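Heads up, the thing below is written out as structure tokens.
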Amino acid sequence: MTSLKYPSLILDETIAKNNIKKMATKASKLGVKFRPHFKTHQSLEIGNWFRGYPLDGITVSSLKMAQFFAKNGWKSITIAFPVNILQLEEIDKLASEIDLRVLVVDEETVKQLDKKLTSNLNVYIEIDPGYGRSGISYSDPGNIQRLVSVINSSYKLTLSGLYSHAGHSYRSRSVKDIRQLSSSVIEKLSQLKTQFEIPVCFGDTPSCSVLDDFGLIDEISPGNFVFYDWIQTKIGSCTPKDIAVAMKCTVVAKYSSRHELLIHGGAVHFSKDADITKDGESYFGQVVKNRSNYWEDPIEGCYLKSISQEHGIVKCTENFFYEISIGDAITILPIHSCLTADLMGSYYTTTGRKISHLSEKII
């Protein structure tokens, strides 16, 4: 185990593997293909934990990530980010080596791909399901039809289907909320599938965690579920016992007048993602009980109140404050494990083994 001289991200391998098993089993049971997103863990070893289950391929969030996983044996990879036409040379090379799938959102990009590629390439049309981030609105079938026609008339491109990420499910705060939002999105995507007679890939962790019916969806691609995080417990996707990663941070000072601790652990470790307390204030992580290298239940009233670059201020109950000494390491569940994992760059398992992360190699 790391000496904990520095902030460390601890991974409970058993929980993570169980999360993978549950999602893969659900996909098989419901008859949908499974193309998990690897942007959360970004790890070759953790990626290999998926290999025992039926996969249609994997999903990543960048070209560099796709290149890395391709070099390490993954043969079917979706880059779930709209094509950057300045990367066409690298896309062309990778498409000659594996089943590469990319997202397109406009006719100009499609025409550039068809004109400049020497290799055949599979493309998804990204559909915006009301999230407002990227893609063609699922309420704009005319625009979708035009893009379908341009792709089908191209020489180098093959239409793999529609790809949609309902990221606004993260605004939910109950299982009921998730079901209502996701079911509505799936119904609309199912209509598009029927209209255009092409497959649909869909997936966000809240939806994939709670739904037991994906309608006409062909494939799911969630990612955060491998670790989950504190915000997923507030959404309704999981319980605290499903969270597979936690930050260990050292207490460097105590402030008795306000029952607060100063820790070495700030925005460069946790990220700036936040949740809101009952009083309407932002907070950046939830303190949990320590148990050796593991962690137990959340401690009510104890949370990461504020962060700057390296500093973190932990608000405590009076009891917890006096239990902790300077030099102790406390355990905090991150609000968003994807960004925390990306920032930390590696994991230490609860048995003390280090697992590398792609950011150590691709940035």
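Residue numbers start at 1 in each chain; chains themselves are named A, B, ... in the order of the structure tokens; ligands are numbered from 1 in the order shown.
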
Q: May I have the residues within 8 Å of region 295-298 of chain A as a list in words, using only C-alpha atoms and disregarding those fewer than 6 positions away in the same chain?
A: Pro240, Lys241, Gln286, Val287, Val288, Lys289 and Thr331 of chain A

Q.
Need to verify the contact set: Val83 (chain A), 8 Å, only C-alpha atoms, exclusion of same-chain residues closer than 2 positions in sequence. Can you return it as a PyMOL selection string?
A. chain A and resi 81+85+87+102-104+109

Enumerate, as a PDB file with N, CA and C atoms, in the first residue's frame, the complete set of residues in region 136-208 of chain A that a backbone-based DSSP assignment places in strand (DSSP E).
```pdb
ATOM      1  N   ILE A 136     -27.483  15.395 -33.148  1.00  0.00           N
ATOM      2  CA  ILE A 136     -28.694  15.900 -33.787  1.00  0.00           C
ATOM      3  C   ILE A 136     -29.879  15.596 -32.880  1.00  0.00           C
ATOM      4  N   SER A 137     -30.733  16.546 -32.678  1.00  0.00           N
ATOM      5  CA  SER A 137     -31.876  16.342 -31.792  1.00  0.00           C
ATOM      6  C   SER A 137     -32.722  15.160 -32.244  1.00  0.00           C
ATOM      7  N   LEU A 157     -17.647   4.992 -45.982  1.00  0.00           N
ATOM      8  CA  LEU A 157     -18.301   4.940 -44.679  1.00  0.00           C
ATOM      9  C   LEU A 157     -19.435   3.924 -44.651  1.00  0.00           C
ATOM     10  N   THR A 158     -19.544   3.249 -43.506  1.00  0.00           N
ATOM     11  CA  THR A 158     -20.653   2.323 -43.260  1.00  0.00           C
ATOM     12  C   THR A 158     -21.406   2.801 -42.030  1.00  0.00           C
ATOM     13  N   LEU A 159     -22.715   2.912 -42.145  1.00  0.00           N
ATOM     14  CA  LEU A 159     -23.535   3.389 -41.037  1.00  0.00           C
ATOM     15  C   LEU A 159     -23.763   2.265 -40.032  1.00  0.00           C
ATOM     16  N   SER A 160     -23.200   2.429 -38.825  1.00  0.00           N
ATOM     17  CA  SER A 160     -23.363   1.424 -37.768  1.00  0.00           C
ATOM     18  C   SER A 160     -24.671   1.595 -37.020  1.00  0.00           C
ATOM     19  N   GLY A 161     -25.219   2.818 -37.035  1.00  0.00           N
ATOM     20  CA  GLY A 161     -26.474   3.053 -36.336  1.00  0.00           C
ATOM     21  C   GLY A 161     -26.520   4.428 -35.705  1.00  0.00           C
ATOM     22  N   LEU A 162     -27.375   4.556 -34.713  1.00  0.00           N
ATOM     23  CA  LEU A 162     -27.520   5.790 -33.946  1.00  0.00           C
ATOM     24  C   LEU A 162     -26.891   5.590 -32.578  1.00  0.00           C
ATOM     25  N   TYR A 163     -26.236   6.628 -32.074  1.00  0.00           N
ATOM     26  CA  TYR A 163     -25.595   6.567 -30.760  1.00  0.00           C
ATOM     27  C   TYR A 163     -26.139   7.707 -29.912  1.00  0.00           C
ATOM     28  N   SER A 164     -26.560   7.391 -28.679  1.00  0.00           N
ATOM     29  CA  SER A 164     -27.161   8.426 -27.839  1.00  0.00           C
ATOM     30  C   SER A 164     -26.770   8.238 -26.379  1.00  0.00           C
ATOM     31  N   VAL A 200     -29.509   0.947 -32.640  1.00  0.00           N
ATOM     32  CA  VAL A 200     -29.337   2.063 -31.717  1.00  0.00           C
ATOM     33  C   VAL A 200     -28.465   1.614 -30.550  1.00  0.00           C
ATOM     34  N   CYS A 201     -27.416   2.409 -30.278  1.00  0.00           N
ATOM     35  CA  CYS A 201     -26.575   2.208 -29.098  1.00  0.00           C
ATOM     36  C   CYS A 201     -26.901   3.312 -28.097  1.00  0.00           C
ATOM     37  N   PHE A 202     -27.166   2.916 -26.876  1.00  0.00           N
ATOM     38  CA  PHE A 202     -27.623   3.850 -25.847  1.00  0.00           C
ATOM     39  C   PHE A 202     -26.915   3.510 -24.551  1.00  0.00           C
TER      40      PHE A 202
END
```

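A straight line drawn from CA of Ala329 (chain A) to CA of Asp279 (chain A) is 27.4 Å long.
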
Find the residues near Phe69 (chain A): any atom within 10 Å, counting only C-alpha atoms, skip ones fewer than 5 places away on the same chain, and give them as a PDB file with C-alpha atoms, in the first residue's frame.
```
ATOM      1  CA  PHE A  38     -13.688   2.551 -20.637  1.00  0.00           C
ATOM      2  CA  GLN A  42      -8.827   3.957 -18.358  1.00  0.00           C
ATOM      3  CA  SER A  43      -6.860   0.893 -17.294  1.00  0.00           C
ATOM      4  CA  LEU A  44      -5.642  -2.120 -19.244  1.00  0.00           C
ATOM      5  CA  GLY A  47     -10.374  -3.545 -18.948  1.00  0.00           C
ATOM      6  CA  ILE A  58     -15.582  -1.297 -26.115  1.00  0.00           C
ATOM      7  CA  VAL A  60     -13.670   5.200 -25.327  1.00  0.00           C
ATOM      8  CA  LYS A  64      -5.518   8.480 -28.074  1.00  0.00           C
ATOM      9  CA  TRP A  74      -9.000  -4.642 -28.397  1.00  0.00           C
ATOM     10  CA  LYS A  75     -10.298  -5.065 -31.936  1.00  0.00           C
ATOM     11  CA  SER A  76     -13.631  -3.215 -31.975  1.00  0.00           C
ATOM     12  CA  ILE A  77     -13.652   0.287 -30.483  1.00  0.00           C
ATOM     13  CA  LEU A 358      -3.790   5.273 -19.172  1.00  0.00           C
TER      14      LEU A 358
END
```

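The interatomic distance for the pair CA of Ile231 (chain A) and CA of Phe321 (chain A) works out to 24.3 Å.
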
Q. Could you pull out the helix (DSSP H, G or I) residues of region 49-180 of chain A from DSSP and send them as a PyMOL selection string?
A. chain A and resi 63-71+85-95+107-116+141-152+167-171+175-180

Q. Which residue gives the smallest distance to Thr205 (chain A) among A:Ala341, A:Ile324, A:Leu55, A:Ala166, with only C-alpha atoms counted?
A. A:Ala166

Q: Identify, on the basis of only C-alpha atoms, every residue whose closest approach to Arg51 (chain A) does not exceed 12 Å; exclude the query and any residue fewer than 5 positions from it along the same chain; express the result as a PyMOL selection string.
A: chain A and resi 17+20-21+24+34-36+44-46+56-58+73-74

Q | Residue nearest Leu63 (chain A) - candidates A:Ile220, A:Ala80, A:Ala253, A:Met247, atoms counted: only C-alpha atoms | A | A:Ala80

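Distances from A:Asn290, A:Ser221, A:Ser237, A:Ser256 to Tyr322 (chain A) were compared using only C-alpha atoms, and the smallest one belongs to A:Ser256.
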
Q. Which residues, written as a VMD selection string, have at least one atom at most 12 Å from Glu197 (chain A), with only C-alpha atoms counted and residues fewer than 4 positions away on the same chain left out?
A. chain A and resid 145 148 159 to 162 189 to 193 216 to 218

Any chance you could export the current selection's N, CA and C atoms as a tab-separated table (two decimals), in the first residue's frame?
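Result file selection.tsv:
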```tsv
chain	number	residue	atom	x	y	z
A	145	GLN	N	-32.41	12.11	-41.34
A	145	GLN	CA	-32.58	11.46	-42.65
A	145	GLN	C	-31.55	11.97	-43.66
A	148	VAL	N	-28.25	10.37	-42.82
A	148	VAL	CA	-28.30	8.95	-43.21
A	148	VAL	C	-28.06	8.81	-44.70
A	159	LEU	N	-22.71	2.91	-42.14
A	159	LEU	CA	-23.54	3.39	-41.04
A	159	LEU	C	-23.76	2.26	-40.03
A	160	SER	N	-23.20	2.43	-38.83
A	160	SER	CA	-23.36	1.42	-37.77
A	160	SER	C	-24.67	1.59	-37.02
A	161	GLY	N	-25.22	2.82	-37.04
A	161	GLY	CA	-26.47	3.05	-36.34
A	161	GLY	C	-26.52	4.43	-35.71
A	162	LEU	N	-27.38	4.56	-34.71
A	162	LEU	CA	-27.52	5.79	-33.95
A	162	LEU	C	-26.89	5.59	-32.58
A	189	LEU	N	-36.05	6.95	-29.16
A	189	LEU	CA	-34.99	6.29	-29.91
A	189	LEU	C	-35.51	5.05	-30.62
A	190	SER	N	-36.44	4.35	-29.98
A	190	SER	CA	-37.04	3.17	-30.60
A	190	SER	C	-37.84	3.56	-31.84
A	191	GLN	N	-38.50	4.70	-31.79
A	191	GLN	CA	-39.23	5.20	-32.97
A	191	GLN	C	-38.27	5.50	-34.11
A	192	LEU	N	-37.13	6.10	-33.78
A	192	LEU	CA	-36.13	6.40	-34.81
A	192	LEU	C	-35.55	5.12	-35.40
A	193	LYS	N	-35.31	4.13	-34.55
A	193	LYS	CA	-34.81	2.84	-35.02
A	193	LYS	C	-35.78	2.23	-36.03
A	216	LEU	N	-36.47	-1.25	-27.80
A	216	LEU	CA	-35.86	-1.73	-29.04
A	216	LEU	C	-34.37	-1.40	-29.14
A	217	ILE	N	-33.79	-0.93	-28.05
A	217	ILE	CA	-32.36	-0.61	-28.05
A	217	ILE	C	-31.55	-1.88	-28.33
A	218	ASP	N	-30.53	-1.75	-29.16
A	218	ASP	CA	-29.71	-2.89	-29.55
A	218	ASP	C	-28.48	-3.09	-28.67
```

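The residue that comes closest to Ile178 (chain A), out of A:Asn19, A:Thr317, A:Ser209, A:Ser271 and on the basis of only C-alpha atoms, is A:Ser209.
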
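With only C-alpha atoms as the atoms that count, the minimum distance from Leu211 (chain A) to the choices A:Arg179, A:Ala70, A:Asn84, A:Lys278 is reached by A:Arg179.
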
Q: Determine, counting only C-alpha atoms, which protein, DNA and RNA residues have an atom within 6 Å of an atom of Leu333 (chain A); residues of the same chain fewer than 2 positions away are not included. Present the result as a list in words.
A: Trp230, Ala246, Gly285 and Gln286 of chain A

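Across the structure, CA of Leu100 (chain A) and CA of Pro141 (chain A) are spaced 25.8 Å apart.
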
Q: Identify which of the residues A:Arg291, A:Phe214, A:Thr277, A:His168 lies closest to Lys29 (chain A), counting only C-alpha atoms when measuring atom-to-atom distances.
A: A:Phe214
